[in-house]
file start.pdb (PDB, C-alpha atoms and all ligand atoms)
ATOM      1  CA  PRO A  20      92.564  93.537  94.155
ATOM      2  CA  ALA A  21      93.990  91.537  91.303
ATOM      3  CA  GLU A  22      97.375  92.602  90.123
ATOM      4  CA  GLN A  23      97.185  94.254  86.785
ATOM      5  CA  VAL A  24     100.018  93.777  84.453
ATOM      6  CA  LEU A  25     101.293  97.131  83.404
ATOM      7  CA  SER A  26     101.721  97.400  79.695
ATOM      8  CA  VAL A  27     105.434  97.338  79.500
ATOM      9  CA  GLN A  28     106.825  97.654  76.031
ATOM     10  CA  LEU A  29     109.271  94.962  75.251
ATOM     11  CA  VAL A  30     112.226  94.594  73.021
ATOM     12  CA  PRO A  31     111.534  91.873  71.868
ATOM     13  CA  PHE A  32     108.346  90.382  73.212
ATOM     14  CA  ASP A  33     107.258  86.771  72.985
ATOM     15  CA  SER A  34     103.557  87.445  73.471
ATOM     16  CA  THR A  35     102.233  83.995  72.544
ATOM     17  CA  ARG A  36     104.040  82.229  75.367
ATOM     18  CA  LYS A  37     102.906  84.736  77.950
ATOM     19  CA  LEU A  38      99.264  84.477  76.914
ATOM     20  CA  LEU A  39      99.269  80.691  77.039
ATOM     21  CA  LEU A  40     100.771  80.724  80.501
ATOM     22  CA  SER A  41      98.376  83.209  81.990
ATOM     23  CA  ARG A  42      95.321  81.290  80.718
ATOM     24  CA  ASP A  43      96.307  78.302  82.819
ATOM     25  CA  ILE A  44      95.940  80.126  86.096
ATOM     26  CA  THR A  45      92.623  81.502  87.227
ATOM     27  CA  GLN A  46      92.539  85.072  88.406
ATOM     28  CA  LEU A  47      91.781  84.089  92.009
ATOM     29  CA  ASP A  48      94.601  81.558  92.180
ATOM     30  CA  ARG A  49      96.873  84.228  90.884
ATOM     31  CA  VAL A  50      95.841  86.780  93.508
ATOM     32  CA  GLN A  51      96.338  84.229  96.282
ATOM     33  CA  MET A  52      99.685  83.199  94.923
ATOM     34  CA  VAL A  53     100.860  86.796  94.644
ATOM     35  CA  HIS A  54      99.730  87.441  98.219
ATOM     36  CA  ARG A  55     101.526  84.381  99.633
ATOM     37  CA  ASP A  56     104.683  85.181  97.735
ATOM     38  CA  PHE A  57     104.548  88.735  98.998
ATOM     39  CA  ILE A  58     104.379  87.750 102.679
ATOM     40  CA  ALA A  59     107.177  85.233 102.184
ATOM     41  CA  ASN A  60     109.294  87.859 100.452
ATOM     42  CA  VAL A  61     108.769  90.539 103.092
ATOM     43  CA  SER A  62     109.653  88.073 105.840
ATOM     44  CA  HIS A  63     112.754  86.997 104.017
ATOM     45  CA  GLU A  64     113.844  90.582 103.349
ATOM     46  CA  LEU A  65     113.492  91.459 107.038
ATOM     47  CA  ARG A  66     115.094  88.326 108.345
ATOM     48  CA  THR A  67     118.568  88.950 106.978
ATOM     49  CA  PRO A  68     119.096  92.425 108.488
ATOM     50  CA  LEU A  69     117.456  91.354 111.748
ATOM     51  CA  THR A  70     119.853  88.444 112.007
ATOM     52  CA  VAL A  71     122.824  90.730 111.440
ATOM     53  CA  VAL A  72     121.700  93.320 113.996
ATOM     54  CA  GLY A  73     120.722  90.710 116.590
ATOM     55  CA  GLY A  74     123.922  88.758 116.043
ATOM     56  CA  PHE A  75     126.221  91.739 116.522
ATOM     57  CA  ALA A  76     124.292  92.973 119.544
ATOM     58  CA  GLU A  77     124.741  89.573 121.170
ATOM     59  CA  THR A  78     128.438  89.470 120.359
ATOM     60  CA  MET A  79     128.871  92.883 121.947
ATOM     61  CA  MET A  80     127.083  91.793 125.084
ATOM     62  CA  ASP A  81     129.157  88.615 125.307
ATOM     63  CA  MET A  82     132.449  90.394 124.640
ATOM     64  CA  PRO A  83     132.567  93.630 126.630
ATOM     65  CA  GLU A  84     136.350  93.710 126.165
ATOM     66  CA  MET A  85     136.002  93.803 122.362
ATOM     67  CA  GLU A  86     138.569  95.885 120.513
ATOM     68  CA  GLU A  87     137.363  99.412 119.824
ATOM     69  CA  LYS A  88     137.958  99.124 116.074
ATOM     70  CA  THR A  89     135.888  95.940 115.798
ATOM     71  CA  ARG A  90     133.121  97.438 117.904
ATOM     72  CA  VAL A  91     132.884 100.513 115.670
ATOM     73  CA  GLN A  92     132.865  98.326 112.546
ATOM     74  CA  GLN A  93     130.048  96.224 113.927
ATOM     75  CA  LEU A  94     128.064  99.277 114.979
ATOM     76  CA  HIS A  95     128.403 100.633 111.427
ATOM     77  CA  LEU A  96     127.041  97.402 110.016
ATOM     78  CA  MET A  97     124.168  97.465 112.477
ATOM     79  CA  VAL A  98     123.254 101.009 111.469
ATOM     80  CA  GLU A  99     123.473 100.058 107.787
ATOM     81  CA  GLN A 100     121.147  97.101 108.266
ATOM     82  CA  THR A 101     118.729  99.210 110.287
ATOM     83  CA  GLN A 102     118.625 101.741 107.466
ATOM     84  CA  ARG A 103     117.918  98.935 105.052
ATOM     85  CA  MET A 104     114.930  97.816 107.117
ATOM     86  CA  GLN A 105     113.796 101.428 107.340
ATOM     87  CA  ARG A 106     113.868 101.785 103.547
ATOM     88  CA  LEU A 107     111.953  98.548 103.158
ATOM     89  CA  VAL A 108     109.257  99.578 105.619
ATOM     90  CA  ASP A 109     109.004 103.032 104.002
ATOM     91  CA  ASP A 110     108.550 101.457 100.571
ATOM     92  CA  LEU A 111     105.982  98.993 101.924
ATOM     93  CA  LEU A 112     103.990 101.846 103.440
ATOM     94  CA  THR A 113     104.168 103.789 100.187
ATOM     95  CA  LEU A 114     102.927 100.760  98.243
ATOM     96  CA  SER A 115     100.145 100.113 100.691
ATOM     97  CA  ARG A 116      98.994 103.734 100.514
ATOM     98  CA  LEU A 117      99.003 103.567  96.739
ATOM     99  CA  GLU A 118      97.119 100.285  96.704
ATOM    100  CA  ASN A 119      94.488 101.598  99.051
ATOM    101  CA  GLY A 120      93.911 103.920  96.162
ATOM    102  CA  GLN A 121      92.787 107.265  97.480
ATOM    103  CA  GLN A 122      91.812 109.422  94.580
ATOM    104  CA  LEU A 123      94.665 111.164  92.848
ATOM    105  CA  LYS A 124      94.998 114.776  93.950
ATOM    106  CA  GLU A 125      95.464 116.533  90.658
ATOM    107  CA  GLU A 126      97.343 119.747  90.165
ATOM    108  CA  GLU A 127      99.401 121.450  87.538
ATOM    109  CA  VAL A 128     102.921 120.037  87.653
ATOM    110  CA  ASP A 129     105.770 122.139  86.371
ATOM    111  CA  VAL A 130     107.794 119.293  84.873
ATOM    112  CA  PRO A 131     110.801 121.386  83.795
ATOM    113  CA  GLN A 132     111.172 122.497  87.409
ATOM    114  CA  LEU A 133     110.703 118.908  88.621
ATOM    115  CA  ILE A 134     113.449 117.798  86.223
ATOM    116  CA  ARG A 135     115.842 120.352  87.640
ATOM    117  CA  LEU A 136     115.039 119.049  91.128
ATOM    118  CA  LEU A 137     115.612 115.451  89.981
ATOM    119  CA  GLN A 138     118.897 116.469  88.378
ATOM    120  CA  ALA A 139     120.089 118.057  91.615
ATOM    121  CA  GLU A 140     119.055 114.948  93.566
ATOM    122  CA  ALA A 141     120.791 112.725  91.017
ATOM    123  CA  GLU A 142     123.978 114.717  91.436
ATOM    124  CA  GLY A 143     123.734 114.218  95.189
ATOM    125  CA  LEU A 144     123.294 110.460  94.773
ATOM    126  CA  SER A 145     125.993 110.083  92.162
ATOM    127  CA  GLN A 146     128.562 112.186  94.023
ATOM    128  CA  GLY A 147     130.415 112.982  90.857
ATOM    129  CA  ARG A 148     130.627 109.409  89.622
ATOM    130  CA  HIS A 149     128.345 109.998  86.623
ATOM    131  CA  GLN A 150     127.655 112.673  84.126
ATOM    132  CA  ILE A 151     124.062 113.769  84.545
ATOM    133  CA  ALA A 152     122.527 115.651  81.661
ATOM    134  CA  VAL A 153     119.135 117.126  80.946
ATOM    135  CA  GLU A 154     118.746 116.231  77.284
ATOM    136  CA  GLU A 155     115.473 117.820  76.397
ATOM    137  CA  ILE A 156     112.842 119.918  78.100
ATOM    138  CA  ALA A 157     109.596 120.406  76.235
ATOM    139  CA  PRO A 158     107.652 123.544  77.084
ATOM    140  CA  ALA A 159     104.828 121.507  78.488
ATOM    141  CA  ARG A 160     103.206 121.055  81.841
ATOM    142  CA  LEU A 161     101.351 118.103  83.190
ATOM    143  CA  ILE A 162      98.187 117.531  85.134
ATOM    144  CA  GLY A 163      99.028 115.093  87.896
ATOM    145  CA  ASN A 164     100.250 114.865  91.434
ATOM    146  CA  HIS A 165     103.608 116.514  92.013
ATOM    147  CA  ASP A 166     104.715 114.435  94.994
ATOM    148  CA  GLU A 167     103.746 111.110  93.456
ATOM    149  CA  LEU A 168     105.471 111.965  90.190
ATOM    150  CA  HIS A 169     108.526 113.140  92.090
ATOM    151  CA  SER A 170     108.632 109.781  93.835
ATOM    152  CA  ALA A 171     108.094 107.728  90.635
ATOM    153  CA  LEU A 172     110.546 109.652  88.479
ATOM    154  CA  GLY A 173     113.002 109.820  91.378
ATOM    155  CA  ASN A 174     112.945 106.020  91.563
ATOM    156  CA  LEU A 175     113.797 105.782  87.860
ATOM    157  CA  VAL A 176     116.663 108.230  88.343
ATOM    158  CA  SER A 177     118.082 106.474  91.384
ATOM    159  CA  ASN A 178     117.904 103.121  89.577
ATOM    160  CA  ALA A 179     119.767 104.617  86.621
ATOM    161  CA  ILE A 180     122.526 105.703  88.989
ATOM    162  CA  ARG A 181     122.619 102.455  90.936
ATOM    163  CA  TYR A 182     122.824 100.298  87.824
ATOM    164  CA  THR A 183     125.384 102.418  85.995
ATOM    165  CA  PRO A 184     129.054 102.011  86.830
ATOM    166  CA  ALA A 185     131.141 105.078  87.607
ATOM    167  CA  GLY A 186     132.051 107.106  84.536
ATOM    168  CA  GLY A 187     128.690 106.449  82.875
ATOM    169  CA  THR A 188     126.084 108.930  81.763
ATOM    170  CA  ILE A 189     122.493 109.499  82.823
ATOM    171  CA  GLY A 190     120.169 111.537  80.623
ATOM    172  CA  LEU A 191     116.842 113.018  81.651
ATOM    173  CA  SER A 192     114.346 114.140  79.073
ATOM    174  CA  TRP A 193     110.866 115.563  78.970
ATOM    175  CA  ARG A 194     109.654 115.428  75.408
ATOM    176  CA  LEU A 195     106.643 115.132  73.189
ATOM    177  CA  GLU A 196     106.362 111.975  71.082
ATOM    178  CA  GLN A 197     103.586 112.186  68.510
ATOM    179  CA  GLY A 198     102.123 114.895  70.637
ATOM    180  CA  LEU A 199     102.164 112.809  73.819
ATOM    181  CA  PRO A 200     104.258 113.724  76.847
ATOM    182  CA  VAL A 201     107.072 111.390  77.791
ATOM    183  CA  PHE A 202     109.471 111.582  80.706
ATOM    184  CA  ALA A 203     112.511 109.398  80.103
ATOM    185  CA  VAL A 204     115.629 108.389  82.005
ATOM    186  CA  ARG A 205     118.408 106.984  79.888
ATOM    187  CA  ASP A 206     121.535 105.374  81.282
ATOM    188  CA  SER A 207     124.703 103.805  79.944
ATOM    189  CA  GLY A 208     124.622 101.127  82.622
ATOM    190  CA  ILE A 209     124.515  97.368  82.926
ATOM    191  CA  GLY A 210     121.209  96.975  81.054
ATOM    192  CA  VAL A 211     118.633  94.216  81.382
ATOM    193  CA  SER A 212     118.256  91.240  79.076
ATOM    194  CA  PRO A 213     114.871  90.969  77.333
ATOM    195  CA  GLU A 214     113.529  87.994  79.283
ATOM    196  CA  HIS A 215     113.657  89.944  82.552
ATOM    197  CA  ILE A 216     111.947  93.095  81.332
ATOM    198  CA  PRO A 217     108.316  91.935  81.679
ATOM    199  CA  ARG A 218     108.871  91.097  85.345
ATOM    200  CA  LEU A 219     110.762  94.175  86.542
ATOM    201  CA  THR A 220     107.709  95.867  88.061
ATOM    202  CA  GLU A 221     106.810  92.829  90.181
ATOM    203  CA  ARG A 222     107.366  93.373  93.871
ATOM    204  CA  PHE A 223     110.809  92.067  94.914
ATOM    205  CA  TYR A 224     111.750  90.967  91.416
ATOM    206  CA  ARG A 225     115.435  91.646  90.860
ATOM    207  CA  VAL A 226     117.733  90.539  88.084
ATOM    208  CA  ASP A 227     120.667  90.361  90.472
ATOM    209  CA  ARG A 228     119.697  90.230  94.115
ATOM    210  CA  GLY A 229     123.235  90.829  95.374
ATOM    211  CA  ARG A 230     123.777  93.904  93.259
ATOM    212  CA  SER A 231     120.379  95.366  94.169
ATOM    213  CA  ARG A 232     121.049  94.927  97.887
ATOM    214  CA  ALA A 233     124.612  96.146  97.722
ATOM    215  CA  THR A 234     123.391  99.405  96.212
ATOM    216  CA  GLY A 235     120.626  99.819  98.766
ATOM    217  CA  GLY A 236     117.698  98.544  96.691
ATOM    218  CA  THR A 237     114.520  97.220  98.283
ATOM    219  CA  GLY A 238     113.183  95.495  95.172
ATOM    220  CA  LEU A 239     110.027  97.607  95.423
ATOM    221  CA  GLY A 240     111.038 100.709  93.462
ATOM    222  CA  LEU A 241     109.560  99.777  90.105
ATOM    223  CA  ALA A 242     106.415  98.353  91.720
ATOM    224  CA  ILE A 243     105.893 101.806  93.238
ATOM    225  CA  VAL A 244     106.620 103.439  89.882
ATOM    226  CA  LYS A 245     104.076 101.174  88.196
ATOM    227  CA  HIS A 246     101.341 102.069  90.679
ATOM    228  CA  ILE A 247     101.958 105.785  90.448
ATOM    229  CA  LEU A 248     101.998 105.714  86.661
ATOM    230  CA  GLN A 249      98.794 103.678  86.593
ATOM    231  CA  ARG A 250      97.164 106.304  88.752
ATOM    232  CA  HIS A 251      98.135 108.805  86.050
ATOM    233  CA  GLN A 252      96.939 106.482  83.240
ATOM    234  CA  ALA A 253     100.550 106.429  82.092
ATOM    235  CA  GLN A 254     102.620 103.529  80.814
ATOM    236  CA  LEU A 255     106.135 102.457  81.606
ATOM    237  CA  ALA A 256     108.101 101.673  78.467
ATOM    238  CA  VAL A 257     111.417  99.917  78.905
ATOM    239  CA  LYS A 258     114.119  99.631  76.283
ATOM    240  CA  SER A 259     117.333  97.989  77.252
ATOM    241  CA  ARG A 260     120.383  96.206  75.989
ATOM    242  CA  LEU A 261     122.517  94.098  78.257
ATOM    243  CA  GLY A 262     125.848  95.760  78.907
ATOM    244  CA  GLU A 263     124.902  98.926  77.011
ATOM    245  CA  GLY A 264     122.233 100.664  78.997
ATOM    246  CA  SER A 265     118.534 101.261  79.384
ATOM    247  CA  GLU A 266     115.811 103.755  78.931
ATOM    248  CA  PHE A 267     112.853 103.786  81.295
ATOM    249  CA  ALA A 268     110.147 106.076  79.973
ATOM    250  CA  ALA A 269     106.849 107.192  81.455
ATOM    251  CA  ARG A 270     104.353 107.879  78.660
ATOM    252  CA  PHE A 271     101.403 110.006  79.634
ATOM    253  CA  PRO A 272      98.068 110.216  77.850
ATOM    254  CA  GLU A 273      97.008 113.352  76.038
ATOM    255  CA  HIS A 274      94.528 114.489  78.669
ATOM    256  CA  ARG A 275      97.383 115.002  81.154
ATOM    257  CA  LEU A 276      99.127 117.537  78.928
ATOM    258  CA  LEU A 277      99.076 121.323  79.227
ATOM    259  CA  VAL A 278     100.934 123.048  76.405
ATOM    260  CA  ASP A 279     102.260 126.597  76.839
TER     261      ASP A 279
HETATM  262  P1  LIG B 301     115.732  97.472  93.254
HETATM  263  O1  LIG B 301     115.542  98.062  94.608
HETATM  264  O2  LIG B 301     116.221  96.077  93.276
HETATM  265  O3  LIG B 301     116.499  98.357  92.335
HETATM  266  P2  LIG B 301     113.452  98.019  91.523
HETATM  267  O4  LIG B 301     112.048  97.578  91.631
HETATM  268  O5  LIG B 301     113.713  99.487  91.472
HETATM  269  O6  LIG B 301     114.232  97.319  92.703
HETATM  270  O7  LIG B 301     114.071  97.376  90.208
HETATM  271  C1  LIG B 301     113.904  95.970  89.974
HETATM  272  C2  LIG B 301     115.097  95.406  89.227
HETATM  273  O8  LIG B 301     115.133  95.980  87.907
HETATM  274  C3  LIG B 301     116.437  95.758  89.829
HETATM  275  O9  LIG B 301     116.801  94.867  90.854
HETATM  276  C4  LIG B 301     117.364  95.641  88.611
HETATM  277  O10 LIG B 301     117.699  94.296  88.393
HETATM  278  C5  LIG B 301     116.468  96.092  87.461
HETATM  279  N1  LIG B 301     116.682  97.499  87.086
HETATM  280  C6  LIG B 301     115.941  98.579  87.433
HETATM  281  N2  LIG B 301     116.408  99.712  86.876
HETATM  282  C7  LIG B 301     117.487  99.349  86.136
HETATM  283  C8  LIG B 301     118.417 100.069  85.303
HETATM  284  N3  LIG B 301     118.324 101.383  85.112
HETATM  285  N4  LIG B 301     119.399  99.345  84.687
HETATM  286  C9  LIG B 301     119.504  98.010  84.877
HETATM  287  N5  LIG B 301     118.663  97.273  85.641
HETATM  288  C10 LIG B 301     117.664  97.938  86.269
END

call {"tool": "encode", "arguments": {"input": "start.pdb", "output": "structure tokens"}}
result
Amino acid sequence: PAEQVLSVQLVPFDSTRKLLLSRDITQLDRVQMVHRDFIANVSHELRTPLTVVGGFAETMMDMPEMEEKTRVQQLHLMVEQTQRMQRLVDDLLTLSRLENGQQLKEEEVDVPQLIRLLQAEAEGLSQGRHQIAVEEIAPARLIGNHDELHSALGNLVSNAIRYTPAGGTIGLSWRLEQGLPVFAVRDSGIGVSPEHIPRLTERFYRVDRGRSRATGGTGLGLAIVKHILQRHQAQLAVKSRLGEGSEFAARFPEHRLLVD
């Protein structure tokens, strides 16, 4: 299916240029291009860790007398690269399941409880390097799928931690804006400059490849978030300032809201 551009709110947004560009490419060309790029990207992402693992394994076979310290170091790197491939394959499977679009299993989601779970997970990820605060909890519940929302919101939280240097703050909020439910993750991190924002939910799009990889990113997190939010008819709104921080907010439509 054709990729739909999620309505990402931009600060600021040069809409004229984007419209002109997209008219030049037919929908089919675009789907084919996205598909080709995707295969190339997956191959590339797998090649690097495979080369590392294969390379070290060969060295170990060729040098049975290798120093113990070096051997342990290399084994650590091999495990790290294997975990990276594991994360990539897990994310690919998640995306593929979402794209195959089984109907959303709806249930009542206790968002305040989910936020407490996300906060605990954030504390585990941060390991005391950030201050993690729950800024607001509206007395409202949501109709949606708990596990999918946990995964989407969890991705926003782990990004906030990964792109915020130690000493920074992460704020979670569940609030009503003009009567509509919004889940937001705010961080005081590195931020994103405006020209990158429209592309963040593309598969494998990263502002800084090195930084994403170094912190364990697969480049698929926000693509997964986008899909899950679309399945909930929700939008991802991004506000960010380079060097100051970001807010990634999921805005849900009224029909998903249950007020106490
Ligand atoms: P990754 O695994 O690279 O983090 P994502 O799809 O989750 O992949 O995010 C895509 C890119 O968006 C990231 O590589 C990063 O450049 C940018 N990004 C996402 N969240 C944040 C954030 N909270 N602050 C700054 N940049 C972010």

call {"tool": "residues_near_ligand", "arguments": {"input": "start.pdb", "ligand": "ligand LIG 301 (chain B)", "cutoff": "7 Å", "atoms": "all atoms listed in the file", "output": "MDAnalysis selection string"}}
result
chainID A and resid 174:175 178:179 182:183 206 208:211 219:220 222:228 231:232 235:242 264:265

call {"tool": "closest_residue", "arguments": {"input": "start.pdb", "among": "A:Met52, A:Val108, A:Met82, A:Ala76", "to": "Glu64 (chain A)", "atoms": "all atoms listed in the file"}}
result
A:Val108

call {"tool": "atom_distance", "arguments": {"input": "start.pdb", "atom1": "CA of Phe271 (chain A)", "atom2": "CA of Thr188 (chain A)"}}
result
24.8 Å

call {"tool": "closest_residue", "arguments": {"input": "start.pdb", "among": "A:Pro217, A:Gly198, A:Pro184, A:Pro272", "to": "Thr234 (chain A)", "atoms": "only C-alpha atoms"}}
result
A:Pro184

call {"tool": "residues_around", "arguments": {"input": "start.pdb", "residues": "Val98 (chain A)", "least_positions_apart": "3", "cutoff": "12 Å", "atoms": "only C-alpha atoms", "output": "list in words"}}
result
Pro68, Leu69, Val71, Val72, Gly73, Phe75, Ala76, Val91, Gln92, Gln93, Leu94, His95, Thr101, Gln102, Arg103, Met104 and Gln105 of chain A

call {"tool": "closest_residue", "arguments": {"input": "start.pdb", "among": "A:Leu111, A:Val128, A:Ala233, A:Met79", "to": "Phe57 (chain A)", "atoms": "only C-alpha atoms"}}
result
A:Leu111

call {"tool": "residues_around", "arguments": {"input": "start.pdb", "residues": "Leu123 (chain A)", "least_positions_apart": "5", "cutoff": "12 Å", "atoms": "all atoms listed in the file", "output": "VMD selection string"}}
result
chain A and resid 116 to 118 162 to 168 246 to 252

call {"tool": "closest_residue", "arguments": {"input": "start.pdb", "among": "A:Pro213, A:Ser170, A:Val278, A:Glu221", "to": "Thr113 (chain A)", "atoms": "only C-alpha atoms"}}
result
A:Ser170

call {"tool": "atom_distance", "arguments": {"input": "start.pdb", "atom1": "CA of His54 (chain A)", "atom2": "CA of Arg66 (chain A)"}}
result
18.4 Å

call {"tool": "closest_residue", "arguments": {"input": "start.pdb", "among": "A:Glu125, A:Glu140, A:Glu196, A:Glu155", "to": "Ile180 (chain A)", "atoms": "all atoms listed in the file"}}
result
A:Glu140

call {"tool": "residues_around", "arguments": {"input": "start.pdb", "residues": "Leu136 (chain A)", "least_positions_apart": "2", "cutoff": "12 Å", "atoms": "only C-alpha atoms", "output": "VMD selection string"}}
result
chain A and resid 129 to 134 138 to 143 153 165 to 166 168 to 170 172 to 173 176 191

call {"tool": "resolve_selection", "arguments": {"input": "start.pdb", "expression": "the PyMOL selection byres (((chain A and resi 277) around 7) and not hetatm)", "output": "ChimeraX atom specification"}}
result
/A:159-161,275-276,278-279

call {"tool": "axis_aligned_box", "arguments": {"input": "start.pdb", "around": "region 216-222 of chain A", "padding_each_side": "8 Å", "output": "AutoDock Vina command-line options"}}
result
--center_x 109.4 --center_y 93.5 --center_z 87.6 --size_x 21.1 --size_y 20.8 --size_z 28.5

call {"tool": "atom_distance", "arguments": {"input": "start.pdb", "atom1": "CA of Glu154 (chain A)", "atom2": "CA of Trp193 (chain A)"}}
result
8.1 Å

call {"tool": "residues_around", "arguments": {"input": "start.pdb", "residues": "Arg194 (chain A)", "least_positions_apart": "6", "cutoff": "7 Å", "atoms": "all atoms listed in the file", "output": "mmCIF file with C-alpha atoms, in the frame of the given file"}}
result
data_model
loop_
_atom_site.group_PDB
_atom_site.id
_atom_site.type_symbol
_atom_site.label_atom_id
_atom_site.label_comp_id
_atom_site.auth_asym_id
_atom_site.auth_seq_id
_atom_site.Cartn_x
_atom_site.Cartn_y
_atom_site.Cartn_z
ATOM 1 C CA GLU A 155 115.473 117.820 76.397
ATOM 2 C CA ILE A 156 112.842 119.918 78.100
ATOM 3 C CA ALA A 157 109.596 120.406 76.235
ATOM 4 C CA PRO A 200 104.258 113.724 76.847
ATOM 5 C CA VAL A 201 107.072 111.390 77.791
ATOM 6 C CA PHE A 202 109.471 111.582 80.706
#

call {"tool": "closest_residue", "arguments": {"input": "start.pdb", "among": "A:Leu137, A:His149, A:Asn119, A:Gly74", "to": "Met97 (chain A)", "atoms": "all atoms listed in the file"}}
result
A:Gly74

call {"tool": "decode", "arguments": {"input": "start.pdb", "residues": "region 186-208 of chain A", "atoms": "N, CA and C atoms", "output": "CSV table (one decimal), in the first residue's frame"}}
result
chain,number,residue,atom,x,y,z
A,186,GLY,N,21.6,14.5,32.9
A,186,GLY,CA,21.3,15.8,33.7
A,186,GLY,C,20.0,16.4,33.2
A,187,GLY,N,19.5,16.0,32.0
A,187,GLY,CA,18.3,16.6,31.4
A,187,GLY,C,17.1,16.1,32.1
A,188,THR,N,16.0,16.7,31.6
A,188,THR,CA,14.7,16.3,32.2
A,188,THR,C,13.8,15.7,31.1
A,189,ILE,N,12.9,14.8,31.5
A,189,ILE,CA,11.9,14.2,30.6
A,189,ILE,C,10.6,14.3,31.3
A,190,GLY,N,9.6,14.9,30.6
A,190,GLY,CA,8.3,15.0,31.2
A,190,GLY,C,7.2,14.3,30.4
A,191,LEU,N,6.4,13.5,31.2
A,191,LEU,CA,5.3,12.8,30.6
A,191,LEU,C,4.0,13.5,30.9
A,192,SER,N,3.1,13.7,30.0
A,192,SER,CA,1.8,14.2,30.3
A,192,SER,C,0.7,13.6,29.5
A,193,TRP,N,-0.4,13.5,30.2
A,193,TRP,CA,-1.7,13.0,29.6
A,193,TRP,C,-2.7,14.1,30.0
A,194,ARG,N,-3.1,14.8,28.9
A,194,ARG,CA,-3.9,16.0,29.2
A,194,ARG,C,-5.0,16.2,28.1
A,195,LEU,N,-5.9,17.1,28.4
A,195,LEU,CA,-6.9,17.4,27.5
A,195,LEU,C,-6.6,18.7,26.9
A,196,GLU,N,-6.6,18.8,25.5
A,196,GLU,CA,-6.4,20.1,24.9
A,196,GLU,C,-7.7,20.3,24.0
A,197,GLN,N,-8.4,21.4,24.4
A,197,GLN,CA,-9.7,21.7,23.7
A,197,GLN,C,-10.5,20.4,23.7
A,198,GLY,N,-10.5,19.8,24.9
A,198,GLY,CA,-11.4,18.6,25.0
A,198,GLY,C,-10.8,17.3,24.4
A,199,LEU,N,-9.7,17.4,23.7
A,199,LEU,CA,-9.1,16.2,23.0
A,199,LEU,C,-8.0,15.6,23.8
A,200,PRO,N,-7.9,14.3,23.9
A,200,PRO,CA,-6.8,13.7,24.7
A,200,PRO,C,-5.5,13.8,24.0
A,201,VAL,N,-4.5,14.1,24.7
A,201,VAL,CA,-3.1,14.2,24.2
A,201,VAL,C,-2.1,13.5,25.2
A,202,PHE,N,-1.3,12.7,24.6
A,202,PHE,CA,-0.2,12.1,25.4
A,202,PHE,C,1.1,12.7,24.9
A,203,ALA,N,1.8,13.4,25.8
A,203,ALA,CA,3.0,14.1,25.3
A,203,ALA,C,4.3,13.7,26.1
A,204,VAL,N,5.4,13.6,25.4
A,204,VAL,CA,6.7,13.4,26.0
A,204,VAL,C,7.6,14.6,25.7
A,205,ARG,N,8.0,15.3,26.7
A,205,ARG,CA,8.8,16.5,26.5
A,205,ARG,C,10.2,16.1,27.0
A,206,ASP,N,11.2,16.7,26.3
A,206,ASP,CA,12.6,16.4,26.8
A,206,ASP,C,13.4,17.7,26.6
A,207,SER,N,14.5,17.8,27.4
A,207,SER,CA,15.4,18.9,27.3
A,207,SER,C,16.6,18.6,26.5
A,208,GLY,N,16.4,17.8,25.5
A,208,GLY,CA,17.6,17.2,24.8
A,208,GLY,C,18.1,18.0,23.6
